[in-house]
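Raw contents of target11.cif, mmCIF, C-alpha atoms:
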```
data_my_file
#
loop_
_atom_site.label_atom_id
_atom_site.label_comp_id
_atom_site.auth_asym_id
_atom_site.auth_seq_id
_atom_site.Cartn_x
_atom_site.Cartn_y
_atom_site.Cartn_z
CA MET A 1 -8.07 17.91 71.27
CA GLU A 2 -4.97 15.69 71.30
CA ILE A 3 -3.22 15.26 67.94
CA THR A 4 -0.39 12.78 67.42
CA LEU A 5 1.85 11.89 64.48
CA SER A 6 3.34 8.39 64.48
CA GLN A 7 4.40 5.54 62.24
CA SER A 8 1.34 3.62 61.08
CA THR A 9 0.74 0.44 63.05
CA GLU A 10 0.43 -3.10 61.74
CA LEU A 11 -2.46 -3.49 59.30
CA PRO A 12 -4.79 -5.50 61.60
CA ASP A 13 -4.54 -2.87 64.36
CA LEU A 14 -4.89 0.02 61.92
CA ALA A 15 -7.85 -1.71 60.25
CA ALA A 16 -9.65 -2.04 63.60
CA SER A 17 -9.16 1.64 64.46
CA TRP A 18 -10.03 2.79 60.96
CA MET A 19 -13.23 0.78 60.63
CA GLU A 20 -14.39 1.79 64.11
CA LEU A 21 -14.06 5.47 63.16
CA GLU A 22 -15.46 4.82 59.69
CA ALA A 23 -18.72 3.68 61.26
CA ARG A 24 -18.96 7.10 62.97
CA ALA A 25 -17.96 9.13 59.90
CA ASP A 26 -19.36 10.13 56.49
CA GLY A 27 -16.17 9.60 54.53
CA GLY A 28 -17.52 7.66 51.55
CA PHE A 29 -15.96 4.80 49.61
CA PHE A 30 -12.54 6.33 48.97
CA LEU A 31 -12.00 6.78 52.70
CA SER A 32 -13.35 3.34 53.56
CA TRP A 33 -11.03 0.64 54.82
CA ARG A 34 -11.85 -1.33 51.68
CA TRP A 35 -10.09 1.32 49.57
CA ILE A 36 -7.47 2.40 52.11
CA GLY A 37 -6.55 -1.15 53.13
CA SER A 38 -6.28 -2.24 49.50
CA TRP A 39 -4.07 0.78 48.80
CA LEU A 40 -1.74 -0.08 51.70
CA ARG A 41 -1.50 -3.75 50.72
CA ALA A 42 -0.95 -3.05 47.02
CA THR A 43 1.67 -0.32 47.49
CA GLY A 44 3.40 -1.69 50.58
CA ALA A 45 3.47 1.92 51.80
CA LYS A 46 4.33 2.68 55.43
CA PRO A 47 2.85 6.16 55.81
CA LEU A 48 2.69 8.34 58.88
CA LEU A 49 -0.51 8.06 60.89
CA VAL A 50 -2.18 11.25 62.08
CA THR A 51 -4.63 10.75 64.93
CA ALA A 52 -6.91 13.26 66.63
CA LYS A 53 -8.58 12.35 69.91
CA GLU A 54 -11.22 14.14 71.92
CA GLU A 55 -11.53 12.95 75.54
CA GLY A 56 -9.61 9.79 74.66
CA ARG A 57 -11.84 8.94 71.67
CA ILE A 58 -10.54 8.99 68.09
CA VAL A 59 -12.29 11.68 66.05
CA ALA A 60 -10.00 11.88 62.99
CA LEU A 61 -7.41 9.77 61.16
CA GLY A 62 -5.21 10.29 58.14
CA LEU A 63 -2.28 8.58 56.42
CA LEU A 64 0.55 10.66 54.99
CA ALA A 65 3.29 9.25 52.78
CA ARG A 66 6.58 11.11 52.45
CA ALA A 67 7.79 12.06 48.97
CA ARG A 68 10.41 14.32 47.45
CA ARG A 69 9.72 16.30 44.29
CA ARG A 70 12.08 18.27 42.07
CA ARG A 71 10.62 21.73 41.51
CA LEU A 72 12.37 24.28 39.28
CA PHE A 73 15.91 24.48 40.71
CA PHE A 74 15.27 22.96 44.15
CA SER A 75 13.66 19.93 45.83
CA VAL A 76 10.45 19.94 47.87
CA ASN A 77 9.63 17.61 50.74
CA GLN A 78 6.02 16.49 50.56
CA LEU A 79 3.46 14.76 52.71
CA CYS A 80 0.81 13.08 50.53
CA LEU A 81 -2.63 12.39 51.99
CA HIS A 82 -3.68 8.84 51.10
CA GLN A 83 -1.31 8.88 48.15
CA THR A 84 2.29 7.76 47.69
CA GLY A 85 3.73 10.61 45.63
CA LEU A 86 4.60 8.05 42.93
CA ALA A 87 2.80 8.70 39.64
CA GLU A 88 2.25 5.01 38.84
CA CYS A 89 0.60 4.31 42.19
CA ASP A 90 -1.39 7.53 42.42
CA ALA A 91 -2.85 7.07 38.94
CA VAL A 92 -5.59 4.91 40.50
CA MET A 93 -7.10 8.31 41.41
CA ILE A 94 -8.46 8.68 44.89
CA GLU A 95 -11.42 11.08 44.89
CA HIS A 96 -13.60 12.59 47.62
CA ASN A 97 -10.39 12.54 49.62
CA ASN A 98 -9.81 14.12 53.04
CA PHE A 99 -8.96 13.10 56.58
CA LEU A 100 -11.47 10.59 57.95
CA VAL A 101 -13.47 12.65 60.47
CA ALA A 102 -16.19 11.58 62.90
CA ARG A 103 -19.59 13.16 62.40
CA ASP A 104 -19.49 14.63 65.92
CA ALA A 105 -15.88 15.87 65.72
CA PRO A 106 -15.18 19.43 66.92
CA THR A 107 -15.52 22.16 64.30
CA GLY A 108 -12.24 22.91 62.55
CA VAL A 109 -10.65 19.52 63.25
CA VAL A 110 -8.98 19.33 59.79
CA ALA A 111 -7.45 22.79 60.14
CA GLY A 112 -6.26 21.73 63.60
CA LEU A 113 -4.62 18.63 62.15
CA LEU A 114 -2.81 20.68 59.53
CA ARG A 115 -1.58 23.17 62.14
CA ALA A 116 -0.39 20.33 64.38
CA LEU A 117 1.52 18.77 61.48
CA GLN A 118 3.49 21.98 61.04
CA THR A 119 4.51 21.92 64.70
CA ALA A 120 5.20 18.19 64.93
CA ASP A 121 7.31 17.89 61.78
CA PRO A 122 9.28 20.91 60.49
CA SER A 123 10.85 18.93 57.63
CA TRP A 124 8.00 19.01 55.10
CA ASP A 125 7.39 21.87 52.69
CA GLU A 126 3.94 21.08 51.33
CA ILE A 127 1.09 18.67 51.86
CA VAL A 128 -0.41 17.13 48.73
CA LEU A 129 -4.20 16.89 48.83
CA GLY A 130 -5.53 15.13 45.76
CA GLY A 131 -9.22 14.77 44.95
CA ILE A 132 -10.53 16.87 47.83
CA SER A 133 -13.72 18.89 47.87
CA ALA A 134 -13.23 22.48 46.78
CA ASP A 135 -14.75 23.48 50.13
CA ALA A 136 -11.80 21.87 51.92
CA ALA A 137 -9.50 24.65 50.70
CA ALA A 138 -10.84 26.76 53.55
CA ASP A 139 -9.30 24.32 56.05
CA ILE A 140 -5.91 24.61 54.34
CA GLU A 141 -6.00 28.39 54.52
CA ALA A 142 -7.25 28.32 58.12
CA ALA A 143 -4.15 26.31 59.02
CA GLY A 144 -1.92 29.10 57.71
CA LEU A 145 -0.89 27.28 54.53
CA THR A 146 -0.95 28.70 51.01
CA VAL A 147 -3.21 26.82 48.60
CA VAL A 148 -1.61 26.02 45.24
CA THR A 149 -4.18 24.52 42.90
CA ASP A 150 -2.97 22.13 40.21
CA ARG A 151 -6.34 21.10 38.82
CA VAL A 152 -10.06 21.59 39.44
CA SER A 153 -12.69 19.23 38.04
CA PRO A 154 -16.49 19.20 38.17
CA ASP A 155 -18.25 16.27 39.82
CA PHE A 156 -21.50 15.32 38.07
CA GLY A 157 -24.09 12.88 39.32
CA VAL A 158 -27.75 11.94 39.58
CA MET A 159 -29.72 12.71 42.73
CA LEU A 160 -32.07 9.74 42.81
CA SER A 161 -34.06 10.82 45.84
CA HIS A 162 -34.76 14.36 44.64
CA GLN A 163 -36.39 13.92 41.26
CA GLU A 164 -38.25 16.96 40.01
CA PRO A 165 -40.90 16.27 38.88
CA PRO A 166 -41.34 13.00 40.79
CA GLY A 167 -41.48 9.79 38.79
CA ARG A 168 -39.06 7.74 36.75
CA TRP A 169 -35.53 9.07 36.56
CA GLU A 170 -35.61 9.02 32.74
CA ASP A 171 -38.44 11.56 32.82
CA THR A 172 -35.94 14.15 34.12
CA LEU A 173 -33.83 13.92 30.94
CA SER A 174 -34.12 16.31 28.04
CA GLN A 175 -36.42 15.41 25.15
CA ASN A 176 -33.41 14.86 22.88
CA GLN A 177 -31.71 12.62 25.44
CA ARG A 178 -34.86 10.52 25.88
CA ALA A 179 -35.11 10.14 22.10
CA GLN A 180 -31.48 8.97 21.90
CA LEU A 181 -32.12 6.49 24.69
CA ARG A 182 -35.20 5.04 22.97
CA GLN A 183 -33.27 4.72 19.73
CA SER A 184 -30.35 3.03 21.47
CA ARG A 185 -32.62 0.55 23.22
CA THR A 186 -34.32 -0.27 19.91
CA PHE A 187 -31.04 -0.97 18.10
CA ALA A 188 -29.57 -2.98 21.00
CA GLU A 189 -32.71 -5.09 21.50
CA ARG A 190 -32.54 -6.27 17.90
CA MET A 191 -29.78 -8.53 19.21
CA GLY A 192 -31.97 -9.78 22.05
CA PRO A 193 -33.21 -8.75 25.51
CA LEU A 194 -31.14 -6.03 27.15
CA ALA A 195 -29.68 -6.82 30.57
CA LEU A 196 -27.22 -5.40 33.09
CA THR A 197 -25.90 -8.24 35.22
CA ALA A 198 -23.81 -7.88 38.37
CA ALA A 199 -21.02 -10.39 38.95
CA PRO A 200 -22.37 -12.62 41.75
CA GLY A 201 -19.04 -13.29 43.44
CA PRO A 202 -15.33 -12.38 43.54
CA SER A 203 -14.22 -14.90 40.90
CA GLN A 204 -16.85 -13.73 38.42
CA ALA A 205 -16.06 -10.10 39.29
CA LEU A 206 -12.41 -10.69 38.42
CA GLU A 207 -13.47 -12.33 35.16
CA PHE A 208 -15.63 -9.30 34.28
CA PHE A 209 -12.77 -7.01 35.31
CA GLU A 210 -10.27 -8.66 32.95
CA LYS A 211 -12.72 -8.48 30.06
CA MET A 212 -13.44 -4.84 30.83
CA VAL A 213 -9.72 -4.02 30.87
CA VAL A 214 -9.33 -5.45 27.35
CA LEU A 215 -12.18 -3.31 25.98
CA HIS A 216 -11.12 -0.22 27.91
CA THR A 217 -7.49 -0.48 26.81
CA ALA A 218 -8.39 -1.08 23.14
CA TYR A 219 -10.57 2.03 23.10
CA TRP A 220 -7.92 4.31 24.62
CA ARG A 221 -5.04 2.93 22.59
CA ALA A 222 -7.00 3.71 19.44
CA LYS A 223 -6.94 7.32 20.67
CA GLY A 224 -3.19 7.20 21.32
CA LYS A 225 -3.54 6.98 25.12
CA PRO A 226 -2.71 4.13 27.51
CA GLY A 227 -5.95 4.03 29.50
CA ALA A 228 -6.47 3.58 33.23
CA PHE A 229 -5.15 0.01 33.48
CA ALA A 230 -1.93 0.29 31.50
CA THR A 231 0.45 -0.56 34.36
CA PRO A 232 0.86 -3.81 36.30
CA PHE A 233 0.33 -1.87 39.52
CA SER A 234 -3.06 -0.48 38.49
CA ARG A 235 -4.35 -3.94 37.60
CA ALA A 236 -2.91 -5.47 40.79
CA PHE A 237 -4.47 -2.75 42.93
CA HIS A 238 -7.93 -3.30 41.48
CA ARG A 239 -7.70 -7.08 41.81
CA GLU A 240 -6.86 -6.49 45.47
CA LEU A 241 -9.79 -4.08 45.86
CA ILE A 242 -12.29 -6.35 44.12
CA THR A 243 -11.38 -9.37 46.25
CA ALA A 244 -10.87 -7.55 49.59
CA GLN A 245 -12.50 -9.47 52.42
CA SER A 246 -12.83 -6.71 55.00
CA GLY A 247 -14.40 -3.28 55.07
CA ALA A 248 -17.76 -1.80 54.21
CA GLY A 249 -18.82 -1.08 50.66
CA ALA A 250 -18.42 -3.12 47.52
CA ALA A 251 -16.66 -3.09 44.16
CA GLU A 252 -19.30 -3.97 41.57
CA LEU A 253 -18.60 -5.33 38.08
CA LEU A 254 -21.64 -5.05 35.80
CA GLU A 255 -21.97 -6.71 32.40
CA LEU A 256 -24.20 -5.18 29.74
CA SER A 257 -25.58 -7.66 27.22
CA ALA A 258 -28.19 -7.85 24.50
CA GLY A 259 -29.27 -11.43 23.98
CA GLY A 260 -26.06 -13.45 23.97
CA GLN A 261 -23.84 -10.55 22.89
CA VAL A 262 -21.78 -8.67 25.48
CA LEU A 263 -21.79 -4.92 24.90
CA GLY A 264 -19.51 -3.87 27.71
CA TYR A 265 -18.84 -3.48 31.43
CA LEU A 266 -19.14 -0.93 34.21
CA TYR A 267 -16.85 -0.91 37.24
CA ASN A 268 -18.67 0.85 40.07
CA PHE A 269 -18.33 1.19 43.82
CA ALA A 270 -21.25 1.10 46.25
CA TYR A 271 -21.04 2.58 49.70
CA GLY A 272 -23.86 3.65 51.97
CA ALA A 273 -26.50 5.28 49.80
CA ARG A 274 -24.09 6.24 47.01
CA VAL A 275 -22.90 4.52 43.83
CA TYR A 276 -19.61 5.72 42.33
CA SER A 277 -19.14 5.19 38.58
CA TYR A 278 -15.40 4.53 38.41
CA GLN A 279 -14.45 2.97 35.04
CA SER A 280 -15.84 1.13 32.04
CA GLY A 281 -15.08 -0.75 28.85
CA PHE A 282 -17.42 -1.16 25.87
CA ALA A 283 -17.55 -3.02 22.56
CA TYR A 284 -18.24 -0.18 20.15
CA SER A 285 -19.57 -0.96 16.69
CA GLY A 286 -18.87 0.96 13.51
CA ASP A 287 -22.05 3.06 13.61
CA ASN A 288 -22.40 2.89 17.44
CA LYS A 289 -26.18 3.33 17.11
CA HIS A 290 -26.79 1.24 20.23
CA ARG A 291 -24.60 3.56 22.36
CA PRO A 292 -23.52 0.92 24.91
CA GLY A 293 -22.09 3.48 27.34
CA LEU A 294 -25.36 5.40 27.52
CA LEU A 295 -27.39 2.22 27.96
CA ALA A 296 -25.09 0.83 30.65
CA HIS A 297 -25.22 3.99 32.75
CA VAL A 298 -28.97 4.36 32.37
CA LEU A 299 -29.55 0.77 33.49
CA ALA A 300 -27.06 1.20 36.34
CA ILE A 301 -28.83 4.37 37.49
CA GLU A 302 -32.17 2.55 37.41
CA ARG A 303 -30.61 -0.32 39.36
CA ALA A 304 -29.25 2.11 41.95
CA GLY A 305 -32.67 3.70 42.35
CA ASP A 306 -34.35 0.30 42.75
CA ARG A 307 -31.86 -0.48 45.56
CA GLY A 308 -32.72 2.71 47.42
CA MET A 309 -29.50 4.55 46.60
CA VAL A 310 -29.57 8.34 46.88
CA VAL A 311 -26.74 9.38 44.52
CA TYR A 312 -25.24 7.96 41.35
CA ASP A 313 -21.88 9.76 41.26
CA PHE A 314 -20.03 10.06 37.94
CA LEU A 315 -16.93 11.28 39.84
CA ALA A 316 -14.51 13.93 38.57
CA GLY A 317 -14.47 14.83 34.90
CA ASP A 318 -16.32 16.89 32.34
CA ALA A 319 -17.19 14.21 29.78
CA PRO A 320 -20.36 15.39 27.98
CA TYR A 321 -22.44 12.34 28.95
CA LYS A 322 -22.03 13.19 32.64
CA ALA A 323 -23.67 16.59 32.21
CA ARG A 324 -26.36 15.17 29.93
CA LEU A 325 -27.41 12.43 32.35
CA GLY A 326 -26.86 14.27 35.63
CA ARG A 327 -26.12 17.64 37.14
CA GLN A 328 -23.08 19.12 38.82
CA LEU A 329 -22.89 18.10 42.46
CA GLY A 330 -19.74 20.06 43.27
CA GLN A 331 -16.07 20.32 42.43
CA MET A 332 -12.96 18.37 43.30
CA MET A 333 -9.49 19.81 43.35
CA TRP A 334 -5.93 18.54 43.25
CA CYS A 335 -3.87 20.97 45.27
CA ARG A 336 -1.00 21.51 47.69
CA GLY A 337 -0.91 23.33 50.99
CA GLN A 338 2.47 25.07 51.14
CA ARG A 339 4.28 26.39 54.16
CA ASN A 340 5.53 29.97 54.21
CA ARG A 341 9.06 29.38 52.92
CA PRO A 342 11.03 31.69 50.61
CA LEU A 343 11.80 29.16 47.88
CA LEU A 344 8.15 28.11 47.68
CA GLY A 345 7.21 31.76 47.39
CA CYS A 346 9.61 32.08 44.46
CA GLU A 347 8.01 29.07 42.82
CA ARG A 348 4.52 30.50 43.21
CA ALA A 349 5.67 33.81 41.73
CA ALA A 350 7.26 32.00 38.77
CA ARG A 351 4.06 30.00 38.15
CA ALA A 352 1.96 33.17 38.30
CA LEU A 353 4.26 34.91 35.82
CA TYR A 354 4.11 31.91 33.47
CA ARG A 355 0.30 31.95 33.56
CA ARG A 356 0.20 35.68 32.81
CA LEU A 357 2.56 35.22 29.87
CA ARG A 358 0.44 32.37 28.50
CA ARG A 359 -2.71 34.47 28.76
CA GLY A 360 -0.94 37.31 27.00
CA ALA A 361 0.22 35.00 24.21
CA TYR A 362 -3.29 33.66 23.70
CA SER A 363 -4.74 37.19 23.68
CA ALA A 364 -2.19 38.27 21.07
CA GLY A 365 -3.02 35.26 18.96
#
```
What does this structure look like when you write it as structure tokens?
Amino acid sequence: MEITLSQSTELPDLAASWMELEARADGGFFLSWRWIGSWLRATGAKPLLVTAKEEGRIVALGLLARARRRRLFFSVNQLCLHQTGLAECDAVMIEHNNFLVARDAPTGVVAGLLRALQTADPSWDEIVLGGISADAAADIEAAGLTVVTDRVSPDFGVMLSHQEPPGRWEDTLSQNQRAQLRQSRTFAERMGPLALTAAPGPSQALEFFEKMVVLHTAYWRAKGKPGAFATPFSRAFHRELITAQSGAGAAELLELSAGGQVLGYLYNFAYGARVYSYQSGFAYSGDNKHRPGLLAHVLAIERAGDRGMVVYDFLAGDAPYKARLGRQLGQMMWCRGQRNRPLLGCERAARALYRRLRRGAYSAG
């Protein structure tokens, strides 16, 4: 296998290579050109391009941005996979991240890429891998890197093609959850017929997006937090993603209404047989008896099933509604693969000591 590290090419050439491999891979929406291309255009990043070829055919691609991070009393040189290393830009939260790998690629291709990176570029200290599957940690270790985990999060979702017992998806919910859903429908339908409407085109999708941002931001500011769309970059990135003209998959803006009253919006991605529930904004009432979030997700899950989708993915996070409506599909982790360097070893030892002291303080308390 031939592995090369180079400056990323012009976007049209990179798009052609990426989408050709994408058609032979199972990368999902966050590794689609629709997401990756939008990320490159919105950030203006010029990352390094990692390419693996087998018999002259591309079998893996990845984009690595250089960053420098202050850590304790020294600086660390980073390579960030499909991220910039800048908090404002990376807050858009790539998930299900990894190198884009062909379905028929040789076993161990990701570990091979990570080993080749260590040979090709001695300047970096750690590679930042955000939103990867927990199973991918084995590739990091196989490449001789030390895994430092910053965060682990469950990934809940609904398996629409594996209902047990067979029948309507709602029949798989608990008795209490079904009762809440019936009650919510009853309260909402007092305002009129309940509907979940997809924006039919880019201009309407942008209109739904702006309205969702207002509701989303109001909700989080009331809790003393900025929300997911607080920066100009985050809003610009999503406008770019929603209106992107090339690449498989789709950004879907869905409006929940009862009669003539809008109850809120879902911002989902659709790719292959999977729907990804990314963000939302709802008009909550004082008593919240109509539970617009619950209703929106239930209708969106039903819509996904009607379209032949296999998975409705709630993405990373442990919000209670995710566990109530679905089941855990796996875990995602935000971690770093560190090279064997003395200063990084000191940092890991200091972090371990800090964690032990915290545990001791909590035990004493």
Open item on the list: For this structure, which residues satisfy the selection - the PyMOL selection byres ((chain A and resi 336) around 6) - when it is evaluated on the file as given? I want them as a PyMOL selection string.
Closed with: chain A and resi 127-129+147-148+335+337
Nearest-residue call for Leu315 of chain A, choices A:Glu95, A:Glu210, A:Glu141, A:Asp125, using all atoms listed in the file:
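Nearest candidate to Leu315 of chain A out of A:Glu95, A:Glu210, A:Glu141, A:Asp125: A:Glu95.
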Taking the file above as input, evaluate the PyMOL selection byres ((chain A and resi 214-219) around 12) and report the hits as a PyMOL selection string.
-> chain A and resi 207-213+220-231+235+262-267+279-285+293
Keeping only C-alpha atoms, write those residues as a short mmCIF file (atom, residue, chain, number, x, y, z; two decimals), in the coordinates of the input.
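Saved file result.cif follows:
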```cif
data_model
loop_
_atom_site.label_atom_id
_atom_site.label_comp_id
_atom_site.auth_asym_id
_atom_site.auth_seq_id
_atom_site.Cartn_x
_atom_site.Cartn_y
_atom_site.Cartn_z
CA GLU A 207 -13.47 -12.33 35.16
CA PHE A 208 -15.63 -9.30 34.28
CA PHE A 209 -12.77 -7.01 35.31
CA GLU A 210 -10.27 -8.66 32.95
CA LYS A 211 -12.72 -8.48 30.06
CA MET A 212 -13.44 -4.84 30.83
CA VAL A 213 -9.72 -4.02 30.87
CA TRP A 220 -7.92 4.31 24.62
CA ARG A 221 -5.04 2.93 22.59
CA ALA A 222 -7.00 3.71 19.44
CA LYS A 223 -6.94 7.32 20.67
CA GLY A 224 -3.19 7.20 21.32
CA LYS A 225 -3.54 6.98 25.12
CA PRO A 226 -2.71 4.13 27.51
CA GLY A 227 -5.95 4.03 29.50
CA ALA A 228 -6.47 3.58 33.23
CA PHE A 229 -5.15 0.01 33.48
CA ALA A 230 -1.93 0.29 31.50
CA THR A 231 0.45 -0.56 34.36
CA ARG A 235 -4.35 -3.94 37.60
CA VAL A 262 -21.78 -8.67 25.48
CA LEU A 263 -21.79 -4.92 24.90
CA GLY A 264 -19.51 -3.87 27.71
CA TYR A 265 -18.84 -3.48 31.43
CA LEU A 266 -19.14 -0.93 34.21
CA TYR A 267 -16.85 -0.91 37.24
CA GLN A 279 -14.45 2.97 35.04
CA SER A 280 -15.84 1.13 32.04
CA GLY A 281 -15.08 -0.75 28.85
CA PHE A 282 -17.42 -1.16 25.87
CA ALA A 283 -17.55 -3.02 22.56
CA TYR A 284 -18.24 -0.18 20.15
CA SER A 285 -19.57 -0.96 16.69
CA GLY A 293 -22.09 3.48 27.34
#
```
Taking the file above as input, evaluate the PyMOL selection byres ((chain A and resi 42) around 10) and report the hits as a short mmCIF file (atom, residue, chain, number, x, y, z; two decimals) with C-alpha atoms, keeping the file's coordinate frame.
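And here is the file that came out, expr_36.cif:
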```
data_model
loop_
_atom_site.label_atom_id
_atom_site.label_comp_id
_atom_site.auth_asym_id
_atom_site.auth_seq_id
_atom_site.Cartn_x
_atom_site.Cartn_y
_atom_site.Cartn_z
CA ILE A 36 -7.47 2.40 52.11
CA GLY A 37 -6.55 -1.15 53.13
CA SER A 38 -6.28 -2.24 49.50
CA TRP A 39 -4.07 0.78 48.80
CA LEU A 40 -1.74 -0.08 51.70
CA ARG A 41 -1.50 -3.75 50.72
CA THR A 43 1.67 -0.32 47.49
CA GLY A 44 3.40 -1.69 50.58
CA ALA A 45 3.47 1.92 51.80
CA CYS A 89 0.60 4.31 42.19
CA PHE A 233 0.33 -1.87 39.52
CA SER A 234 -3.06 -0.48 38.49
CA ALA A 236 -2.91 -5.47 40.79
CA PHE A 237 -4.47 -2.75 42.93
CA HIS A 238 -7.93 -3.30 41.48
CA ARG A 239 -7.70 -7.08 41.81
CA GLU A 240 -6.86 -6.49 45.47
CA LEU A 241 -9.79 -4.08 45.86
#
```
Interatomic distance, atom CA of Gln328 of chain A to atom CA of Leu294 of chain A (Å, one decimal):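 We find that atom CA of Gln328 of chain A and atom CA of Leu294 of chain A lie 17.9 Å from each other.
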Q) Nearest to Asn340 of chain A: which of A:Met159, A:Leu145, A:Ala67, A:Ala25 is it, counting only C-alpha atoms? A)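 Checking each of A:Met159, A:Leu145, A:Ala67, A:Ala25 against Asn340 of chain A, counting only C-alpha atoms, the winner is A:Leu145.
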Counting only C-alpha atoms, which residue out of A:Leu160, A:Gly112, A:Ala199, A:Thr172 sits closest to Asp313 of chain A?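 Closest to Asp313 of chain A, using only C-alpha atoms: A:Leu160.
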Notebook entry, point to check: Interatomic distance between atom CA of Val50 of chain A and atom CA of Asn77 of chain A?
Noted result: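 These atoms are spaced 17.6 Å apart.
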For Met1 of chain A, the nearest of the candidates A:Arg178, A:Arg57, A:His96, A:Arg303, counting only C-alpha atoms:
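Selected residue with least distance to Met1 of chain A: A:Arg57.
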Task: atom CA of Arg339 of chain A to atom CA of Gly144 of chain A, straight-line distance in Å - done: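 Distance between the two atoms: 7.6 Å.
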Measuring between only C-alpha atoms, which one of A:Ile3, A:Ile301, A:Cys80, A:Met93 shows the shortest distance to Glu54 of chain A?
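Under the stated criterion, the closest residue is A:Ile3.
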Could you add whatever atoms are missing so that segment 62-80 of chain A carries N, CA and C atoms, then write the result as a PDB file, keeping the file's coordinate frame?
```pdb
ATOM      1  N   GLY A  62      -5.714  10.065  59.479  1.00  0.00           N
ATOM      2  CA  GLY A  62      -5.210  10.290  58.140  1.00  0.00           C
ATOM      3  C   GLY A  62      -3.874   9.615  57.964  1.00  0.00           C
ATOM      4  N   LEU A  63      -3.548   9.246  56.737  1.00  0.00           N
ATOM      5  CA  LEU A  63      -2.280   8.580  56.420  1.00  0.00           C
ATOM      6  C   LEU A  63      -1.507   9.441  55.435  1.00  0.00           C
ATOM      7  N   LEU A  64      -0.271   9.737  55.780  1.00  0.00           N
ATOM      8  CA  LEU A  64       0.550  10.660  54.990  1.00  0.00           C
ATOM      9  C   LEU A  64       1.854   9.981  54.586  1.00  0.00           C
ATOM     10  N   ALA A  65       2.042   9.829  53.295  1.00  0.00           N
ATOM     11  CA  ALA A  65       3.290   9.250  52.780  1.00  0.00           C
ATOM     12  C   ALA A  65       4.275  10.364  52.452  1.00  0.00           C
ATOM     13  N   ARG A  66       5.542  10.131  52.765  1.00  0.00           N
ATOM     14  CA  ARG A  66       6.580  11.110  52.450  1.00  0.00           C
ATOM     15  C   ARG A  66       7.024  10.952  50.994  1.00  0.00           C
ATOM     16  N   ALA A  67       7.284  12.067  50.343  1.00  0.00           N
ATOM     17  CA  ALA A  67       7.790  12.060  48.970  1.00  0.00           C
ATOM     18  C   ALA A  67       8.702  13.268  48.785  1.00  0.00           C
ATOM     19  N   ARG A  68       9.508  13.201  47.764  1.00  0.00           N
ATOM     20  CA  ARG A  68      10.410  14.320  47.450  1.00  0.00           C
ATOM     21  C   ARG A  68      10.263  14.630  45.961  1.00  0.00           C
ATOM     22  N   ARG A  69      10.019  15.892  45.659  1.00  0.00           N
ATOM     23  CA  ARG A  69       9.720  16.300  44.290  1.00  0.00           C
ATOM     24  C   ARG A  69      10.687  17.393  43.855  1.00  0.00           C
ATOM     25  N   ARG A  70      11.226  17.236  42.635  1.00  0.00           N
ATOM     26  CA  ARG A  70      12.080  18.270  42.070  1.00  0.00           C
ATOM     27  C   ARG A  70      11.204  19.375  41.515  1.00  0.00           C
ATOM     28  N   ARG A  71      11.443  20.610  41.919  1.00  0.00           N
ATOM     29  CA  ARG A  71      10.620  21.730  41.510  1.00  0.00           C
ATOM     30  C   ARG A  71      11.519  22.876  41.095  1.00  0.00           C
ATOM     31  N   LEU A  72      11.496  23.245  39.818  1.00  0.00           N
ATOM     32  CA  LEU A  72      12.370  24.280  39.280  1.00  0.00           C
ATOM     33  C   LEU A  72      13.828  23.927  39.590  1.00  0.00           C
ATOM     34  N   PHE A  73      14.489  24.708  40.426  1.00  0.00           N
ATOM     35  CA  PHE A  73      15.910  24.480  40.710  1.00  0.00           C
ATOM     36  C   PHE A  73      16.140  23.980  42.123  1.00  0.00           C
ATOM     37  N   PHE A  74      15.097  23.461  42.785  1.00  0.00           N
ATOM     38  CA  PHE A  74      15.270  22.960  44.150  1.00  0.00           C
ATOM     39  C   PHE A  74      14.327  21.770  44.368  1.00  0.00           C
ATOM     40  N   SER A  75      14.492  21.081  45.494  1.00  0.00           N
ATOM     41  CA  SER A  75      13.660  19.930  45.830  1.00  0.00           C
ATOM     42  C   SER A  75      12.682  20.304  46.938  1.00  0.00           C
ATOM     43  N   VAL A  76      11.511  19.667  46.909  1.00  0.00           N
ATOM     44  CA  VAL A  76      10.450  19.940  47.870  1.00  0.00           C
ATOM     45  C   VAL A  76      10.116  18.656  48.612  1.00  0.00           C
ATOM     46  N   ASN A  77      10.044  18.748  49.919  1.00  0.00           N
ATOM     47  CA  ASN A  77       9.630  17.610  50.740  1.00  0.00           C
ATOM     48  C   ASN A  77       8.110  17.648  50.902  1.00  0.00           C
ATOM     49  N   GLN A  78       7.479  16.542  50.556  1.00  0.00           N
ATOM     50  CA  GLN A  78       6.020  16.490  50.560  1.00  0.00           C
ATOM     51  C   GLN A  78       5.490  15.460  51.564  1.00  0.00           C
ATOM     52  N   LEU A  79       4.291  15.746  52.046  1.00  0.00           N
ATOM     53  CA  LEU A  79       3.460  14.760  52.710  1.00  0.00           C
ATOM     54  C   LEU A  79       2.226  14.583  51.825  1.00  0.00           C
ATOM     55  N   CYS A  80       1.900  13.349  51.473  1.00  0.00           N
ATOM     56  CA  CYS A  80       0.810  13.080  50.530  1.00  0.00           C
ATOM     57  C   CYS A  80      -0.320  12.364  51.265  1.00  0.00           C
TER      58      CYS A  80
END
```
